[in-house]
Amino acid sequence: MWHKNTPNKSAKVQRLLFFISTCIVLISVIVGKSNLLIITICPYKWFDRWEDEKVKKRGGEYDGLKNAIGRQMLNQVIQMFPQIEDKIAYTDVGSPLSNKYYLGFDKGEMYGLDHTMQRFSPEVSSELRAQTDIPGLFLTGQDISTCGFTGAMFGGMFCAGAVLNRKLHNDLETLVKEIRKNNDTKKKSL
Ligand SMILES: Cc1cc2nc3c(=O)[nH]c(=O)nc-3n(C[C@H](O)[C@H](O)[C@H](O)COP(=O)(O)OP(=O)(O)OC[C@H]3O[C@@H](n4cnc5c(N)ncnc54)[C@H](O)[C@@H]3O)c2cc1C
């Protein structure tokens with residue numbers, strides 16, 4: 001979840017945030033069942049007053065707020081995909097505090113560092129890299145690259161490259177060329 005201290009400009013901002021909600025569908029076929037994960041952005045400060053409360057015991061007001069947001073998100077998705085409405089067997093709603101508790105993200109963020117101009121400034125970019133000034137300590141993951149699974153995978157490649165002192169993306173390019181060449185040879189021999 002987004003943790004920037006966005007001024008809470010009332011329902012207008014909230015409506016706007018929901019309007020630009022991003023719906024990400026993860027479909028895993030487990031014995032004929034599918035999962036739908038809907039995520040959106042929200043300021044951490046909507047929930048920070050419960051941050052010291054125990055998980056699952058944050059009380060009715062907290063549950064009410066997160067469930068109201070969850071319902072709104074689900075309704076929007078149902079508008080987009082009406083065919084799912086009568087197929088929903090179970091739903092659960094998390095908040096930035098869930099991300100904090102279960103995933104260890106300080107302010108509930110799910111895409112790492114904020115993607116601000118400052119984060120991509122030359123000064124910060126030169127610090128956010130796999131190689132550190134401490135011998136044997138390397139950084140990896142989305143925060144040395146860019147957010148998301150792809151960013152995290154690239155972060156892993158940068159880190160492995162730093163450890164091995166190799167330009168691994170060159171190795172990958174060579175590998176892709178070889179695979180293509182082999183495939184072409186196979187096709188021709190058919
Ligand atoms: C609900 C949700 C949905 C998402 N959906 C998508 C999506 O559809 N597409 C997409 O591209 N991205 C998505 N993301 C973002 C994606 O999960 C992250 O960008 C990606 O996982 C970042 O990878 P990472 O390796 O940098 O960090 P992480 O995956 O967060 O890995 C960090 C690891 O370090 C561990 N750790 C943390 N602190 C410590 C510590 N002190 N000691 C030891 N271990 C520690 C954590 O337990 C974790 O295993 C989603 C994120 C969330 C939360």
# chains A, B, ... in the order shown; residues from 1 in each chain; ligands from 1
call {"tool": "closest_atom_pairs", "arguments": {"of": "chain A", "to": "ligand 1", "cutoff": "8 Å", "atoms": "only C-alpha atoms and all ligand atoms", "output": "Markdown table"}}
result
| residue | atom | partner | partner_atom_place_in_ligand_line | distance |
| --- | --- | --- | --- | --- |
| A:Met1 | CA | ligand 1 | 53 (C) | 7.4 |
| A:Ile24 | CA | ligand 1 | 8 (O) | 5.5 |
| A:Val25 | CA | ligand 1 | 8 (O) | 7.0 |
| A:Leu26 | CA | ligand 1 | 8 (O) | 6.8 |
| A:Leu37 | CA | ligand 1 | 3 (C) | 7.2 |
| A:Ile38 | CA | ligand 1 | 1 (C) | 7.9 |
| A:Ile39 | CA | ligand 1 | 1 (C) | 6.5 |
| A:Asn99 | CA | ligand 1 | 53 (C) | 6.3 |
| A:Leu103 | CA | ligand 1 | 47 (O) | 5.7 |
| A:Gly104 | CA | ligand 1 | 37 (C) | 5.7 |
| A:Phe105 | CA | ligand 1 | 37 (C) | 7.6 |
| A:Glu109 | CA | ligand 1 | 53 (C) | 7.3 |
| A:Met110 | CA | ligand 1 | 53 (C) | 4.2 |
| A:Tyr111 | CA | ligand 1 | 19 (O) | 4.7 |
| A:Gly112 | CA | ligand 1 | 19 (O) | 6.6 |
| A:Thr140 | CA | ligand 1 | 26 (O) | 6.8 |
| A:Gly141 | CA | ligand 1 | 26 (O) | 3.2 |
| A:Gln142 | CA | ligand 1 | 26 (O) | 3.8 |
| A:Asp143 | CA | ligand 1 | 26 (O) | 6.1 |
| A:Cys147 | CA | ligand 1 | 19 (O) | 4.8 |
| A:Gly148 | CA | ligand 1 | 19 (O) | 3.1 |
| A:Phe149 | CA | ligand 1 | 11 (O) | 3.8 |
| A:Thr150 | CA | ligand 1 | 11 (O) | 5.9 |
| A:Gly151 | CA | ligand 1 | 19 (O) | 6.8 |
| A:Ala152 | CA | ligand 1 | 23 (O) | 4.6 |
| A:Met153 | CA | ligand 1 | 25 (O) | 7.5 |
| A:Gly155 | CA | ligand 1 | 26 (O) | 7.4 |
| A:Gly156 | CA | ligand 1 | 25 (O) | 7.7 |
call {"tool": "residues_around", "arguments": {"residues": "Gly64 (chain A)", "least_positions_apart": "4", "cutoff": "12 Å", "atoms": "only C-alpha atoms", "output": "list in words"}}
result
Phe47, Arg58, Gly59, Gly60, Ala68, Ile69, Gly70, Arg71, Val93, Gly94 and Ser95 of chain A
call {"tool": "closest_residue", "arguments": {"among": "A:Leu137, A:Leu128, A:Val163, A:Leu97", "to": "Asp52 (chain A)", "atoms": "only C-alpha atoms"}}
result
A:Leu97
call {"tool": "select_by_dssp", "arguments": {"residues": "region 21-176 of chain A", "states": "strand (DSSP E or B)", "output": "PyMOL selection string"}}
result
chain A and resi 23-24+30+33+37-38+131+138
call {"tool": "closest_residue", "arguments": {"among": "A:Lys107, A:Lys87, A:Lys56, A:Lys66", "to": "Leu36 (chain A)", "atoms": "only C-alpha atoms"}}
result
A:Lys87
call {"tool": "select_by_dssp", "arguments": {"residues": "region 5-179 of chain A", "states": "alpha helix (DSSP H)", "output": "PyMOL selection string"}}
result
chain A and resi 10-19+60-80+96-98+122-127+148-164+168-179
call {"tool": "write_last_selection", "arguments": {"atoms": "C-alpha atoms", "output": "compact mmCIF listing (two decimals), in the first residue's frame"}}
result
# COMPACT_ATOMS: atom_id res chain seq x y z
CA SER A 10 -12.19 14.03 2.31
CA ALA A 11 -14.38 11.85 0.22
CA LYS A 12 -13.34 13.51 -3.02
CA VAL A 13 -9.78 12.21 -2.73
CA GLN A 14 -11.02 8.83 -1.58
CA ARG A 15 -13.37 8.57 -4.55
CA LEU A 16 -10.53 9.54 -6.83
CA LEU A 17 -8.27 6.90 -5.28
CA PHE A 18 -10.94 4.28 -5.73
CA PHE A 19 -11.61 5.46 -9.24
CA GLY A 60 -15.09 -3.01 15.07
CA GLU A 61 -14.18 0.44 13.77
CA TYR A 62 -11.04 -0.89 12.07
CA ASP A 63 -12.89 -3.88 10.63
CA GLY A 64 -15.70 -1.60 9.49
CA LEU A 65 -13.33 0.74 7.66
CA LYS A 66 -11.30 -1.92 5.88
CA ASN A 67 -14.37 -3.96 5.00
CA ALA A 68 -16.15 -0.90 3.63
CA ILE A 69 -13.15 -0.19 1.40
CA GLY A 70 -12.99 -3.87 0.45
CA ARG A 71 -16.69 -3.96 -0.47
CA GLN A 72 -16.29 -0.87 -2.61
CA MET A 73 -13.33 -2.42 -4.44
CA LEU A 74 -15.17 -5.68 -4.98
CA ASN A 75 -18.25 -3.86 -6.28
CA GLN A 76 -16.09 -2.05 -8.81
CA VAL A 77 -14.56 -5.31 -9.97
CA ILE A 78 -18.00 -6.92 -10.24
CA GLN A 79 -19.10 -4.03 -12.42
CA MET A 80 -16.18 -4.81 -14.69
CA PRO A 96 -1.70 -1.48 5.17
CA LEU A 97 -1.46 -2.90 8.70
CA SER A 98 -1.89 -6.43 7.29
CA PRO A 122 21.30 10.35 -9.72
CA GLU A 123 22.29 10.66 -6.04
CA VAL A 124 19.78 8.13 -4.78
CA SER A 125 20.19 5.81 -7.79
CA SER A 126 23.92 5.69 -7.15
CA GLU A 127 23.22 4.47 -3.60
CA GLY A 148 6.98 -5.34 -8.91
CA PHE A 149 7.94 -8.91 -9.70
CA THR A 150 9.85 -7.91 -12.81
CA GLY A 151 11.78 -5.25 -10.92
CA ALA A 152 12.56 -7.76 -8.17
CA MET A 153 13.80 -10.29 -10.75
CA PHE A 154 16.05 -7.68 -12.32
CA GLY A 155 17.25 -6.74 -8.83
CA GLY A 156 18.18 -10.38 -8.33
CA MET A 157 20.07 -10.43 -11.60
CA PHE A 158 21.95 -7.22 -10.76
CA CYS A 159 22.84 -8.66 -7.38
CA ALA A 160 24.02 -12.02 -8.77
CA GLY A 161 26.04 -10.08 -11.37
CA ALA A 162 27.68 -8.02 -8.62
CA VAL A 163 28.52 -11.15 -6.62
CA LEU A 164 29.91 -12.97 -9.67
CA LEU A 168 24.68 -11.33 -16.53
CA HIS A 169 22.32 -9.55 -18.92
CA ASN A 170 24.96 -10.12 -21.65
CA ASP A 171 24.97 -13.82 -20.71
CA LEU A 172 21.18 -13.84 -20.96
CA GLU A 173 21.21 -12.19 -24.36
CA THR A 174 23.73 -14.78 -25.60
CA LEU A 175 21.58 -17.54 -24.17
CA VAL A 176 18.43 -16.21 -25.87
CA LYS A 177 20.29 -16.01 -29.20
CA GLU A 178 21.48 -19.60 -28.81
CA ILE A 179 18.00 -20.85 -27.95
call {"tool": "atom_distance", "arguments": {"atom1": "CA of Gln118 (chain A)", "atom2": "CA of Thr146 (chain A)"}}
result
13.5 Å
call {"tool": "atom_distance", "arguments": {"atom1": "CA of Glu85 (chain A)", "atom2": "CA of Asn35 (chain A)"}}
result
13.3 Å
call {"tool": "closest_residue", "arguments": {"among": "A:Ser34, A:Leu190, A:Trp46, A:Thr185", "to": "Ala89 (chain A)", "atoms": "only C-alpha atoms"}}
result
A:Ser34
call {"tool": "closest_residue", "arguments": {"among": "A:Asn165, A:Gly108, A:Tyr102, A:Gly136", "to": "Lys45 (chain A)", "atoms": "only C-alpha atoms"}}
result
A:Gly108
